[in-house]
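Reproduced below: structure05.pdb, with PDB, C-alpha atoms and all ligand atoms.
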```pdb
MODEL        1
ATOM      1  CA  MET A  15       0.000   0.000   0.000
ATOM      2  CA  ASP A  16       1.229   3.499  -0.803
ATOM      3  CA  ASP A  17       1.814   5.950   2.039
ATOM      4  CA  PHE A  18      -1.053   8.288   2.838
ATOM      5  CA  LEU A  19      -1.904  11.083   5.241
ATOM      6  CA  TYR A  20      -4.449  10.368   7.960
ATOM      7  CA  THR A  21      -6.577  12.970   9.724
ATOM      8  CA  ARG A  22      -9.297  12.389  12.292
ATOM      9  CA  ALA A  23     -12.000  15.030  11.844
ATOM     10  CA  ASP A  24     -14.022  16.059  14.879
ATOM     11  CA  ARG A  25     -16.499  18.350  13.113
ATOM     12  CA  PRO A  26     -18.398  17.931   9.822
ATOM     13  CA  GLU A  27     -17.192  21.327   8.571
ATOM     14  CA  THR A  28     -13.582  20.259   9.089
ATOM     15  CA  ALA A  29     -14.124  16.972   7.262
ATOM     16  CA  VAL A  30     -15.806  18.671   4.315
ATOM     17  CA  ARG A  31     -13.139  21.369   4.056
ATOM     18  CA  LEU A  32     -10.287  18.847   4.083
ATOM     19  CA  ALA A  33     -11.994  16.552   1.571
ATOM     20  CA  ALA A  34     -12.558  19.289  -0.992
ATOM     21  CA  GLN A  35      -9.147  18.533  -2.548
ATOM     22  CA  PRO A  36      -8.641  15.787  -5.170
ATOM     23  CA  GLY A  37      -6.964  12.673  -3.799
ATOM     24  CA  VAL A  38      -8.759  12.932  -0.449
ATOM     25  CA  ARG A  39     -11.329  10.426   0.709
ATOM     26  CA  PHE A  40     -13.476   9.863   3.768
ATOM     27  CA  ILE A  41     -13.060   6.663   5.751
ATOM     28  CA  ALA A  42     -15.463   5.235   8.356
ATOM     29  CA  GLY A  43     -15.487   1.463   8.937
ATOM     30  CA  GLY A  44     -12.833   1.022   6.262
ATOM     31  CA  THR A  45     -14.061  -2.467   5.394
ATOM     32  CA  ASP A  46     -13.834  -1.824   1.644
ATOM     33  CA  VAL A  47     -11.509   1.105   1.036
ATOM     34  CA  LEU A  48      -8.543  -0.358   2.926
ATOM     35  CA  ASN A  49      -8.715  -3.611   0.956
ATOM     36  CA  LEU A  50      -8.857  -1.637  -2.283
ATOM     37  CA  MET A  51      -5.805   0.373  -1.242
ATOM     38  CA  LYS A  52      -3.857  -2.718  -0.175
ATOM     39  CA  ASP A  53      -4.606  -4.361  -3.532
ATOM     40  CA  GLY A  54      -3.521  -1.284  -5.486
ATOM     41  CA  VAL A  55      -7.020  -0.801  -6.923
ATOM     42  CA  GLU A  56      -7.467   2.614  -5.294
ATOM     43  CA  ARG A  57      -4.840   5.177  -4.307
ATOM     44  CA  HIS A  58      -5.633   8.036  -1.937
ATOM     45  CA  GLU A  59      -3.158  10.620  -0.710
ATOM     46  CA  HIS A  60      -5.175  11.556   2.337
ATOM     47  CA  LEU A  61      -7.853   9.723   4.344
ATOM     48  CA  ILE A  62     -10.206  11.727   6.557
ATOM     49  CA  ASP A  63     -11.493   9.571   9.405
ATOM     50  CA  ILE A  64     -15.081  10.664  10.080
ATOM     51  CA  ASN A  65     -15.903   8.245  12.902
ATOM     52  CA  ALA A  66     -15.946  11.021  15.525
ATOM     53  CA  LEU A  67     -18.660  13.004  13.732
ATOM     54  CA  PRO A  68     -22.132  13.013  15.329
ATOM     55  CA  LEU A  69     -23.755  11.075  12.492
ATOM     56  CA  SER A  70     -24.772   7.789  14.047
ATOM     57  CA  GLY A  71     -28.038   6.634  15.548
ATOM     58  CA  VAL A  72     -31.562   5.984  14.344
ATOM     59  CA  ARG A  73     -34.359   8.475  14.869
ATOM     60  CA  GLU A  74     -38.106   8.209  14.344
ATOM     61  CA  ALA A  75     -39.626  11.386  12.930
ATOM     62  CA  ALA A  76     -43.073  12.177  11.569
ATOM     63  CA  GLY A  77     -43.703   9.656   8.795
ATOM     64  CA  ARG A  78     -40.089   8.657   8.389
ATOM     65  CA  ILE A  79     -37.092   6.995   9.968
ATOM     66  CA  GLU A  80     -33.754   8.799   9.874
ATOM     67  CA  LEU A  81     -30.613   6.679   9.821
ATOM     68  CA  GLY A  82     -27.274   8.297  10.573
ATOM     69  CA  ALA A  83     -24.633   7.753   7.917
ATOM     70  CA  LEU A  84     -22.222   6.431  10.548
ATOM     71  CA  CYS A  85     -24.738   4.071  12.121
ATOM     72  CA  ARG A  86     -23.215   0.603  11.985
ATOM     73  CA  MET A  87     -25.070  -1.958   9.887
ATOM     74  CA  SER A  88     -25.511  -4.290  12.849
ATOM     75  CA  ASP A  89     -27.003  -1.521  15.012
ATOM     76  CA  ALA A  90     -29.439  -0.392  12.323
ATOM     77  CA  ALA A  91     -30.555  -3.968  11.625
ATOM     78  CA  VAL A  92     -31.750  -4.594  15.177
ATOM     79  CA  HIS A  93     -33.083  -1.138  16.019
ATOM     80  CA  PRO A  94     -36.749  -1.539  17.060
ATOM     81  CA  ALA A  95     -37.948   1.104  14.594
ATOM     82  CA  VAL A  96     -36.203  -0.620  11.692
ATOM     83  CA  ARG A  97     -37.165  -4.136  12.708
ATOM     84  CA  GLY A  98     -40.741  -3.200  13.486
ATOM     85  CA  ARG A  99     -41.573  -0.770  10.697
ATOM     86  CA  LEU A 100     -39.114  -1.618   7.930
ATOM     87  CA  PRO A 101     -38.584  -5.404   8.026
ATOM     88  CA  VAL A 102     -37.283  -5.417   4.440
ATOM     89  CA  LEU A 103     -34.453  -3.128   5.524
ATOM     90  CA  SER A 104     -33.557  -5.145   8.610
ATOM     91  CA  GLN A 105     -33.511  -8.353   6.551
ATOM     92  CA  ALA A 106     -31.279  -6.806   3.880
ATOM     93  CA  LEU A 107     -28.796  -5.612   6.500
ATOM     94  CA  LEU A 108     -28.682  -8.983   8.249
ATOM     95  CA  ALA A 109     -28.147 -10.726   4.909
ATOM     96  CA  SER A 110     -25.077  -8.569   4.249
ATOM     97  CA  ALA A 111     -21.465  -9.633   4.781
ATOM     98  CA  SER A 112     -20.670 -11.230   8.170
ATOM     99  CA  PRO A 113     -21.434 -10.180  11.782
ATOM    100  CA  GLN A 114     -17.878  -8.876  12.169
ATOM    101  CA  VAL A 115     -18.091  -6.745   9.025
ATOM    102  CA  ARG A 116     -21.565  -5.477   9.963
ATOM    103  CA  ASN A 117     -20.178  -4.347  13.324
ATOM    104  CA  MET A 118     -17.590  -2.215  11.537
ATOM    105  CA  ALA A 119     -19.277  -1.053   8.346
ATOM    106  CA  SER A 120     -21.293   2.162   8.276
ATOM    107  CA  LEU A 121     -24.500   2.671   6.323
ATOM    108  CA  GLY A 122     -22.982   5.481   4.261
ATOM    109  CA  GLY A 123     -19.929   3.392   3.455
ATOM    110  CA  ASN A 124     -22.084   0.466   2.458
ATOM    111  CA  LEU A 125     -23.824   2.593  -0.167
ATOM    112  CA  LEU A 126     -20.431   3.566  -1.610
ATOM    113  CA  GLN A 127     -18.752   0.155  -1.653
ATOM    114  CA  ARG A 128     -17.233  -0.754  -5.000
ATOM    115  CA  THR A 129     -18.227  -3.629  -7.234
ATOM    116  CA  ARG A 130     -16.983  -7.147  -6.543
ATOM    117  CA  CYS A 131     -16.211  -7.708 -10.242
ATOM    118  CA  TRP A 132     -13.032  -9.782  -9.962
ATOM    119  CA  TYR A 133     -11.436  -7.983 -12.920
ATOM    120  CA  PHE A 134     -11.979  -4.646 -11.196
ATOM    121  CA  ARG A 135     -10.260  -5.984  -8.071
ATOM    122  CA  ASP A 136      -7.296  -7.424  -9.972
ATOM    123  CA  ALA A 137      -5.094  -4.448 -10.846
ATOM    124  CA  SER A 138      -3.389  -6.432 -13.628
ATOM    125  CA  MET A 139      -6.593  -6.803 -15.703
ATOM    126  CA  PRO A 140      -8.193  -4.351 -18.141
ATOM    127  CA  CYS A 141     -11.111  -2.578 -16.489
ATOM    128  CA  ASN A 142     -12.830   0.612 -17.609
ATOM    129  CA  LYS A 143     -14.098   1.256 -14.115
ATOM    130  CA  ARG A 144     -10.650   1.127 -12.515
ATOM    131  CA  GLN A 145      -8.739   2.551 -15.471
ATOM    132  CA  PRO A 146     -10.970   4.374 -17.976
ATOM    133  CA  GLY A 147     -10.329   3.349 -21.576
ATOM    134  CA  SER A 148      -8.509   0.104 -20.744
ATOM    135  CA  GLY A 149     -11.385  -2.169 -21.772
ATOM    136  CA  CYS A 150     -13.708  -4.551 -19.974
ATOM    137  CA  ALA A 151     -12.321  -8.013 -19.291
ATOM    138  CA  ALA A 152     -15.718  -9.280 -18.151
ATOM    139  CA  LEU A 153     -17.463  -8.886 -21.502
ATOM    140  CA  ARG A 154     -15.634 -11.919 -22.901
ATOM    141  CA  GLY A 155     -14.378 -13.324 -19.624
ATOM    142  CA  GLN A 156     -15.952 -15.009 -16.614
ATOM    143  CA  ASN A 157     -19.202 -13.100 -16.252
ATOM    144  CA  ARG A 158     -21.328 -15.398 -14.123
ATOM    145  CA  TRP A 159     -21.855 -12.673 -11.488
ATOM    146  CA  HIS A 160     -22.373  -9.828 -13.905
ATOM    147  CA  ALA A 161     -25.315  -7.753 -15.072
ATOM    148  CA  ILE A 162     -28.139  -8.880 -17.339
ATOM    149  CA  LEU A 163     -29.909  -5.520 -17.106
ATOM    150  CA  GLY A 164     -28.711  -1.925 -17.408
ATOM    151  CA  GLY A 165     -25.128  -2.703 -18.433
ATOM    152  CA  SER A 166     -23.239  -1.074 -21.285
ATOM    153  CA  ASP A 167     -20.547  -2.033 -23.796
ATOM    154  CA  HIS A 168     -18.083  -0.508 -21.332
ATOM    155  CA  CYS A 169     -19.094  -2.216 -18.077
ATOM    156  CA  ILE A 170     -21.439  -4.950 -16.882
ATOM    157  CA  ALA A 171     -20.488  -4.981 -13.199
ATOM    158  CA  VAL A 172     -23.244  -5.274 -10.599
ATOM    159  CA  HIS A 173     -23.571  -3.134  -7.518
ATOM    160  CA  PRO A 174     -22.977  -5.248  -4.406
ATOM    161  CA  SER A 175     -25.036  -3.452  -1.730
ATOM    162  CA  ASP A 176     -28.044  -5.280  -0.254
ATOM    163  CA  LEU A 177     -28.847  -2.127   1.697
ATOM    164  CA  ALA A 178     -29.128  -0.040  -1.479
ATOM    165  CA  VAL A 179     -31.611  -2.505  -2.969
ATOM    166  CA  ALA A 180     -33.872  -2.386   0.092
ATOM    167  CA  LEU A 181     -33.618   1.421   0.261
ATOM    168  CA  THR A 182     -34.616   1.629  -3.395
ATOM    169  CA  ALA A 183     -37.773  -0.393  -2.748
ATOM    170  CA  LEU A 184     -38.450   1.891   0.213
ATOM    171  CA  ASP A 185     -37.989   5.049  -1.884
ATOM    172  CA  ALA A 186     -35.361   6.394   0.523
ATOM    173  CA  THR A 187     -33.462   9.656   0.294
ATOM    174  CA  VAL A 188     -29.700  10.017   0.715
ATOM    175  CA  VAL A 189     -28.886  13.184   2.666
ATOM    176  CA  THR A 190     -25.546  14.927   2.254
ATOM    177  CA  HIS A 191     -24.163  18.024   3.924
ATOM    178  CA  ARG A 192     -25.461  20.092   1.033
ATOM    179  CA  ARG A 193     -28.528  18.366  -0.491
ATOM    180  CA  ARG A 194     -31.081  15.556  -0.478
ATOM    181  CA  ILE A 195     -30.876  12.933  -3.244
ATOM    182  CA  PRO A 196     -33.628  10.381  -3.969
ATOM    183  CA  ILE A 197     -31.892   7.016  -4.016
ATOM    184  CA  ALA A 198     -33.289   6.355  -7.490
ATOM    185  CA  ASP A 199     -31.082   9.251  -8.681
ATOM    186  CA  PHE A 200     -28.060   8.461  -6.530
ATOM    187  CA  TYR A 201     -26.343   5.815  -8.687
ATOM    188  CA  LEU A 202     -25.295   6.553 -12.256
ATOM    189  CA  PRO A 203     -25.741   4.092 -15.138
ATOM    190  CA  PRO A 204     -22.343   2.923 -16.446
ATOM    191  CA  GLY A 205     -22.684   4.260 -20.015
ATOM    192  CA  ASP A 206     -19.190   5.047 -21.301
ATOM    193  CA  THR A 207     -18.045   6.385 -17.908
ATOM    194  CA  PRO A 208     -18.345   3.421 -15.525
ATOM    195  CA  HIS A 209     -15.735   4.947 -13.213
ATOM    196  CA  LEU A 210     -18.388   7.524 -12.227
ATOM    197  CA  GLU A 211     -20.714   5.600  -9.945
ATOM    198  CA  THR A 212     -22.764   8.144  -7.991
ATOM    199  CA  VAL A 213     -23.812  11.765  -8.279
ATOM    200  CA  LEU A 214     -21.685  12.706  -5.249
ATOM    201  CA  ARG A 215     -19.088  15.403  -5.848
ATOM    202  CA  GLN A 216     -15.566  15.515  -4.457
ATOM    203  CA  GLY A 217     -15.779  16.045  -0.711
ATOM    204  CA  GLU A 218     -19.543  15.643  -0.467
ATOM    205  CA  LEU A 219     -20.329  14.003   2.856
ATOM    206  CA  ILE A 220     -23.268  11.645   3.302
ATOM    207  CA  THR A 221     -24.820  12.590   6.633
ATOM    208  CA  GLY A 222     -27.820  10.287   6.710
ATOM    209  CA  ILE A 223     -30.581   8.347   5.010
ATOM    210  CA  GLU A 224     -34.274   9.106   5.305
ATOM    211  CA  VAL A 225     -36.780   6.316   4.835
ATOM    212  CA  PRO A 226     -40.551   6.872   4.604
ATOM    213  CA  ALA A 227     -42.333   4.789   7.224
ATOM    214  CA  THR A 228     -46.003   5.327   6.673
ATOM    215  CA  LEU A 229     -48.394   2.385   6.513
ATOM    216  CA  PRO A 230     -47.351  -1.165   7.297
ATOM    217  CA  ALA A 231     -47.052  -3.403   4.237
ATOM    218  CA  GLU A 232     -48.468  -6.915   4.071
ATOM    219  CA  ILE A 233     -45.295  -7.975   2.277
ATOM    220  CA  SER A 234     -42.018  -6.377   3.368
ATOM    221  CA  ARG A 235     -39.316  -8.834   2.487
ATOM    222  CA  TYR A 236     -35.760  -9.116   1.205
ATOM    223  CA  LEU A 237     -34.704 -12.357  -0.415
ATOM    224  CA  LYS A 238     -31.056 -12.885  -1.275
ATOM    225  CA  LEU A 239     -29.877 -15.883  -3.251
ATOM    226  CA  ARG A 240     -26.134 -16.531  -3.014
ATOM    227  CA  ASP A 241     -23.553 -19.255  -3.386
ATOM    228  CA  ARG A 242     -23.171 -19.824   0.358
ATOM    229  CA  ALA A 243     -25.318 -18.942   3.352
ATOM    230  CA  THR A 244     -23.202 -16.140   4.822
ATOM    231  CA  PHE A 245     -20.446 -13.648   3.982
ATOM    232  CA  GLU A 246     -21.358 -13.742   0.322
ATOM    233  CA  PHE A 247     -22.717 -11.282  -2.212
ATOM    234  CA  ALA A 248     -26.030 -11.764  -3.990
ATOM    235  CA  VAL A 249     -26.248 -13.739  -7.193
ATOM    236  CA  VAL A 250     -29.727 -12.220  -7.368
ATOM    237  CA  SER A 251     -31.854 -10.486  -4.746
ATOM    238  CA  VAL A 252     -35.352  -9.045  -4.453
ATOM    239  CA  ALA A 253     -36.713  -6.371  -2.134
ATOM    240  CA  ALA A 254     -40.493  -6.153  -2.129
ATOM    241  CA  LEU A 255     -42.963  -3.907  -0.402
ATOM    242  CA  VAL A 256     -46.582  -4.730  -1.226
ATOM    243  CA  ARG A 257     -49.754  -3.310   0.278
ATOM    244  CA  LEU A 258     -53.094  -5.024  -0.237
ATOM    245  CA  ARG A 259     -56.731  -4.076   0.183
ATOM    246  CA  GLY A 260     -59.313  -6.827   0.062
ATOM    247  CA  GLY A 261     -56.724  -9.180  -1.399
ATOM    248  CA  VAL A 262     -55.967  -6.803  -4.274
ATOM    249  CA  VAL A 263     -52.594  -5.112  -4.654
ATOM    250  CA  ARG A 264     -52.929  -1.427  -3.873
ATOM    251  CA  GLU A 265     -49.248  -0.498  -3.916
ATOM    252  CA  ALA A 266     -46.128  -2.406  -5.011
ATOM    253  CA  ARG A 267     -42.510  -1.345  -4.712
ATOM    254  CA  LEU A 268     -39.906  -3.730  -6.078
ATOM    255  CA  ALA A 269     -36.125  -3.527  -6.412
ATOM    256  CA  PHE A 270     -33.625  -6.107  -7.587
ATOM    257  CA  GLY A 271     -29.968  -6.745  -6.805
ATOM    258  CA  GLY A 272     -27.240  -8.802  -8.465
ATOM    259  CA  VAL A 273     -28.632  -8.159 -11.936
ATOM    260  CA  ALA A 274     -27.633  -4.587 -12.788
ATOM    261  CA  PRO A 275     -24.948  -1.944 -12.157
ATOM    262  CA  ARG A 276     -27.270  -0.207  -9.710
ATOM    263  CA  PRO A 277     -30.327  -1.317  -7.741
ATOM    264  CA  TRP A 278     -32.746  -2.234 -10.490
ATOM    265  CA  GLN A 279     -36.260  -0.898 -10.587
ATOM    266  CA  SER A 280     -39.062  -2.190 -12.783
ATOM    267  CA  PRO A 281     -42.115   0.078 -12.880
ATOM    268  CA  GLU A 282     -43.600  -2.349 -15.439
ATOM    269  CA  ALA A 283     -43.410  -5.211 -12.958
ATOM    270  CA  GLU A 284     -45.045  -3.072 -10.278
ATOM    271  CA  GLN A 285     -47.814  -2.113 -12.681
ATOM    272  CA  ALA A 286     -48.347  -5.777 -13.519
ATOM    273  CA  LEU A 287     -49.351  -6.306  -9.876
ATOM    274  CA  ILE A 288     -51.289  -3.159  -8.981
ATOM    275  CA  GLY A 289     -55.056  -3.589  -9.086
ATOM    276  CA  ARG A 290     -54.788  -7.374  -9.354
ATOM    277  CA  ARG A 291     -54.893 -10.265  -6.938
ATOM    278  CA  LEU A 292     -51.571 -11.843  -6.077
ATOM    279  CA  ASP A 293     -52.030 -15.036  -8.015
ATOM    280  CA  ASP A 294     -49.999 -17.119 -10.431
ATOM    281  CA  ALA A 295     -50.983 -14.991 -13.431
ATOM    282  CA  SER A 296     -50.113 -11.592 -11.944
ATOM    283  CA  ILE A 297     -46.893 -12.847 -10.362
ATOM    284  CA  ARG A 298     -45.803 -14.434 -13.643
ATOM    285  CA  ALA A 299     -46.595 -11.204 -15.508
ATOM    286  CA  ALA A 300     -44.511  -9.219 -13.031
ATOM    287  CA  GLY A 301     -41.566 -11.597 -13.421
ATOM    288  CA  GLU A 302     -41.705 -11.405 -17.195
ATOM    289  CA  ALA A 303     -41.760  -7.616 -17.000
ATOM    290  CA  VAL A 304     -38.614  -7.529 -14.834
ATOM    291  CA  VAL A 305     -36.460  -9.311 -17.397
ATOM    292  CA  ARG A 306     -37.855  -7.628 -20.514
ATOM    293  CA  GLY A 307     -34.832  -6.270 -22.373
ATOM    294  CA  ALA A 308     -32.346  -8.427 -20.455
ATOM    295  CA  VAL A 309     -28.972  -9.000 -22.143
ATOM    296  CA  PRO A 310     -27.516 -12.199 -20.682
ATOM    297  CA  ARG A 311     -23.838 -12.981 -21.229
ATOM    298  CA  GLU A 312     -22.054 -16.275 -21.761
ATOM    299  CA  HIS A 313     -22.099 -17.405 -18.120
ATOM    300  CA  ASN A 314     -25.060 -15.628 -16.546
ATOM    301  CA  ALA A 315     -28.140 -16.496 -18.643
ATOM    302  CA  PHE A 316     -29.411 -18.447 -15.613
ATOM    303  CA  LYS A 317     -30.114 -15.141 -13.893
ATOM    304  CA  VAL A 318     -33.012 -14.463 -16.278
ATOM    305  CA  SER A 319     -35.070 -17.269 -14.782
ATOM    306  CA  LEU A 320     -33.538 -17.062 -11.308
ATOM    307  CA  ILE A 321     -34.640 -13.472 -10.713
ATOM    308  CA  GLN A 322     -38.179 -14.355 -11.802
ATOM    309  CA  ARG A 323     -38.292 -17.323  -9.446
ATOM    310  CA  ALA A 324     -36.923 -15.207  -6.611
ATOM    311  CA  LEU A 325     -39.732 -12.698  -7.171
ATOM    312  CA  GLN A 326     -42.284 -15.523  -7.203
ATOM    313  CA  GLU A 327     -40.893 -16.819  -3.922
ATOM    314  CA  VAL A 328     -41.201 -13.416  -2.276
ATOM    315  CA  LEU A 329     -44.712 -12.680  -3.507
ATOM    316  CA  ARG A 330     -46.143 -16.092  -2.712
TER     317      ARG A 330
HETATM  318 FE1  LIG B 401     -14.291  -3.418 -15.024
HETATM  319 FE2  LIG B 401     -16.937  -3.178 -15.205
HETATM  320 FE3  LIG B 401     -15.672  -4.681 -16.952
HETATM  321 FE4  LIG B 401     -15.782  -5.462 -14.397
HETATM  322  S1  LIG B 401     -17.510  -5.276 -15.762
HETATM  323  S2  LIG B 401     -13.981  -5.513 -15.766
HETATM  324  S3  LIG B 401     -15.764  -3.484 -13.333
HETATM  325  S4  LIG B 401     -15.426  -2.462 -16.676
ENDMDL
END
```
Full structure transcribed into structure tokens:
Amino acid sequence: MDDFLYTRADRPETAVRLAAQPGVRFIAGGTDVLNLMKDGVERHEHLIDINALPLSGVREAAGRIELGALCRMSDAAVHPAVRGRLPVLSQALLASASPQVRNMASLGGNLLQRTRCWYFRDASMPCNKRQPGSGCAALRGQNRWHAILGGSDHCIAVHPSDLAVALTALDATVVTHRRRIPIADFYLPPGDTPHLETVLRQGELITGIEVPATLPAEISRYLKLRDRATFEFAVVSVAALVRLRGGVVREARLAFGGVAPRPWQSPEAEQALIGRRLDDASIRAAGEAVVRGAVPREHNAFKVSLIQRALQEVLR
């Protein structure tokens, strides 16, 4: 690992001022960024430790739950407000990583973790995300874990965050020191600039996440399918929030992980459910809508049926 400067910030204004320069990055739990630095995938001249900032905790406000950016994943997962009112979020957090990592990792850091594409994490391989213009080794390489939706000719990596998928279904808002960003607008599509992953600017500090918590949903569930039962990223995942009236779907919010470069939304799938009973026909129609336009690669065509079956499992 290259040498770097380290500063512990005790006030948000200090952290933001120091991080305004290129080459500076915030660090909280450090569960991703330090590995990337050790492997030579990322280089930062200066790390600003933000752990002393007053940005942790969970707060219930009128109609919403506010999660501090520095709240640890394990704390958020078991908070009574999250467990009781947002089960899909608690389940997504508990399905993430391992207990040890969840004890360290912050919510804000989780949203910003980098892809697990093995070519991205191997500094000797071509990768447009790590080194713009160098090519994408995954397009013709081992792409079992890669995207079937929303990719580009420049990158087909998937975003690894379970939390981001659940927050997308919940229509959450990412709050920074200068603005509020709907999570649907937070992640950028890869296009021809896959190295640009979010709309955050240099030195912009995530301070929290706001989640609407209005009516309880009859279905509030996160299902993650993976190669082993723990400490593993999703092959596919589904976050679903469904409200019923008289057995008919009144509201449906769906988001999908492991299939796209950012949490994948399918308004068509939601519309296939709304106003209908949750039966085989409507669930099948929703599944077909999710994968419309999918572009499977050599090793990941199985995801086309797997994501539909995962949705069926959640809705049934
Ligand atoms: Fe890099 Fe994206 Fe291609 Fe993976 S899929 S090698 S992250 S450009």
- Task: One decimal, Å: what's the distance from atom CA of A:Ala34 over to atom CA of A:Gln216, could you say?
- Result: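 So the two atoms, atom CA of A:Ala34 and atom CA of A:Gln216, lie 5.9 Å apart.
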Contact check, chain A to ligand LIG 401 (chain B), at most 10 Å, counting only C-alpha atoms and all ligand atoms, closest pairs as a tab-separated table:
```
residue	atom	partner	partner_atom	distance
A:Arg128	CA	B:LIG401	S3	8.9
A:Thr129	CA	B:LIG401	S3	6.6
A:Arg130	CA	B:LIG401	S3	7.8
A:Cys131	CA	B:LIG401	FE4	4.7
A:Trp132	CA	B:LIG401	FE4	6.8
A:Tyr133	CA	B:LIG401	S2	4.5
A:Phe134	CA	B:LIG401	S3	4.5
A:Arg135	CA	B:LIG401	S3	8.0
A:Asp136	CA	B:LIG401	S2	9.1
A:Met139	CA	B:LIG401	S2	7.5
A:Pro140	CA	B:LIG401	S2	6.4
A:Cys141	CA	B:LIG401	FE1	3.6
A:Asn142	CA	B:LIG401	S4	4.1
A:Lys143	CA	B:LIG401	S4	4.7
A:Arg144	CA	B:LIG401	FE1	6.3
A:Gln145	CA	B:LIG401	FE1	8.2
A:Pro146	CA	B:LIG401	S4	8.3
A:Gly147	CA	B:LIG401	S4	9.2
A:Ser148	CA	B:LIG401	S4	8.4
A:Gly149	CA	B:LIG401	S4	6.5
A:Cys150	CA	B:LIG401	FE3	3.6
A:Ala151	CA	B:LIG401	S2	4.6
A:Ala152	CA	B:LIG401	FE3	4.8
A:Leu153	CA	B:LIG401	FE3	6.4
A:Arg154	CA	B:LIG401	FE3	9.4
A:Gly155	CA	B:LIG401	S2	8.7
A:Gln156	CA	B:LIG401	S2	9.7
A:Asn157	CA	B:LIG401	S1	8.0
A:Trp159	CA	B:LIG401	S1	9.6
A:His160	CA	B:LIG401	S1	6.9
A:Ala161	CA	B:LIG401	S1	8.2
A:Gly165	CA	B:LIG401	S1	8.5
A:Ser166	CA	B:LIG401	S1	9.0
A:Asp167	CA	B:LIG401	S4	8.8
A:His168	CA	B:LIG401	S4	5.7
A:Cys169	CA	B:LIG401	FE2	3.7
A:Ile170	CA	B:LIG401	S1	4.1
A:Ala171	CA	B:LIG401	S1	3.9
A:Val172	CA	B:LIG401	S1	7.7
A:His173	CA	B:LIG401	S3	9.7
A:Pro204	CA	B:LIG401	FE2	8.2
A:Asp206	CA	B:LIG401	S4	9.6
A:Thr207	CA	B:LIG401	S4	9.3
A:Pro208	CA	B:LIG401	S4	6.7
A:His209	CA	B:LIG401	S4	8.2
A:Pro275	CA	B:LIG401	FE2	8.7
```
- Message: Taking the file as I've supplied it (selection: the PyMOL selection byres (((chain A and resi 194) around 12) and not hetatm)), which residues are included? Please answer as JSON, numbers by chain.
- Response: {"A": [186, 187, 188, 189, 190, 191, 192, 193, 195, 196, 197, 198, 199, 200, 213, 214, 218, 219, 220, 221, 222, 223, 224]}
- Task: For atom CA of A:Glu232 and atom CA of A:Arg97, determine how far apart the two atoms are, in Å to one decimal place.
- Result: 14.5 Å
- Item | Spatial neighbours of A:Leu184, max dist 9 Å, all atoms listed in the file, sep filter under 3 positions, as a PyMOL selection string | chain A and resi 100+102-103+179-181+225-227+253-255+267-269
Write the selection just made, keeping C-alpha atoms, as a PDB file, in the frame of the given file?
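Output contents, as saved in selection.pdb:
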```
ATOM      1  CA  LEU A 100     -39.114  -1.618   7.930  1.00  0.00           C
ATOM      2  CA  VAL A 102     -37.283  -5.417   4.440  1.00  0.00           C
ATOM      3  CA  LEU A 103     -34.453  -3.128   5.524  1.00  0.00           C
ATOM      4  CA  VAL A 179     -31.611  -2.505  -2.969  1.00  0.00           C
ATOM      5  CA  ALA A 180     -33.872  -2.386   0.092  1.00  0.00           C
ATOM      6  CA  LEU A 181     -33.618   1.421   0.261  1.00  0.00           C
ATOM      7  CA  VAL A 225     -36.780   6.316   4.835  1.00  0.00           C
ATOM      8  CA  PRO A 226     -40.551   6.872   4.604  1.00  0.00           C
ATOM      9  CA  ALA A 227     -42.333   4.789   7.224  1.00  0.00           C
ATOM     10  CA  ALA A 253     -36.713  -6.371  -2.134  1.00  0.00           C
ATOM     11  CA  ALA A 254     -40.493  -6.153  -2.129  1.00  0.00           C
ATOM     12  CA  LEU A 255     -42.963  -3.907  -0.402  1.00  0.00           C
ATOM     13  CA  ARG A 267     -42.510  -1.345  -4.712  1.00  0.00           C
ATOM     14  CA  LEU A 268     -39.906  -3.730  -6.078  1.00  0.00           C
ATOM     15  CA  ALA A 269     -36.125  -3.527  -6.412  1.00  0.00           C
TER      16      ALA A 269
END
```
- Between A:Gly54, A:Pro203, A:Gly307, A:Gly261, single out the one closest to A:Ala137, counting all atoms listed in the file.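 Closest candidate: A:Gly54.
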- Hits from the PyMOL selection byres (((chain A and resi 22) around 10) and not hetatm), listed as a PyMOL selection string: chain A and resi 20-21+23-25+28-29+40-41+61-67
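Note on the selection: in this file the PyMOL selection byres (((chain A and resi 109-111) around 7) and not hetatm) comes out as Gln105, Ala106, Leu107, Leu108, Ser112, Val115, Arg116, Asp176, Thr244, Phe245 and Glu246 of chain A.
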Please save C-alpha atoms of the selected residues as a short mmCIF file (atom, residue, chain, number, x, y, z; two decimals), keeping the file's coordinate frame.
```
data_model
loop_
_atom_site.label_atom_id
_atom_site.label_comp_id
_atom_site.auth_asym_id
_atom_site.auth_seq_id
_atom_site.Cartn_x
_atom_site.Cartn_y
_atom_site.Cartn_z
CA GLN A 105 -33.51 -8.35 6.55
CA ALA A 106 -31.28 -6.81 3.88
CA LEU A 107 -28.80 -5.61 6.50
CA LEU A 108 -28.68 -8.98 8.25
CA SER A 112 -20.67 -11.23 8.17
CA VAL A 115 -18.09 -6.74 9.02
CA ARG A 116 -21.56 -5.48 9.96
CA ASP A 176 -28.04 -5.28 -0.25
CA THR A 244 -23.20 -16.14 4.82
CA PHE A 245 -20.45 -13.65 3.98
CA GLU A 246 -21.36 -13.74 0.32
#
```
- Query: Rounded to one decimal in Å, what is the spacing between atom CA of A:Ile233 and atom CA of A:Asp293?
  - Reply: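 One can read the atom CA of A:Ile233 to atom CA of A:Asp293 distance as 14.2 Å.
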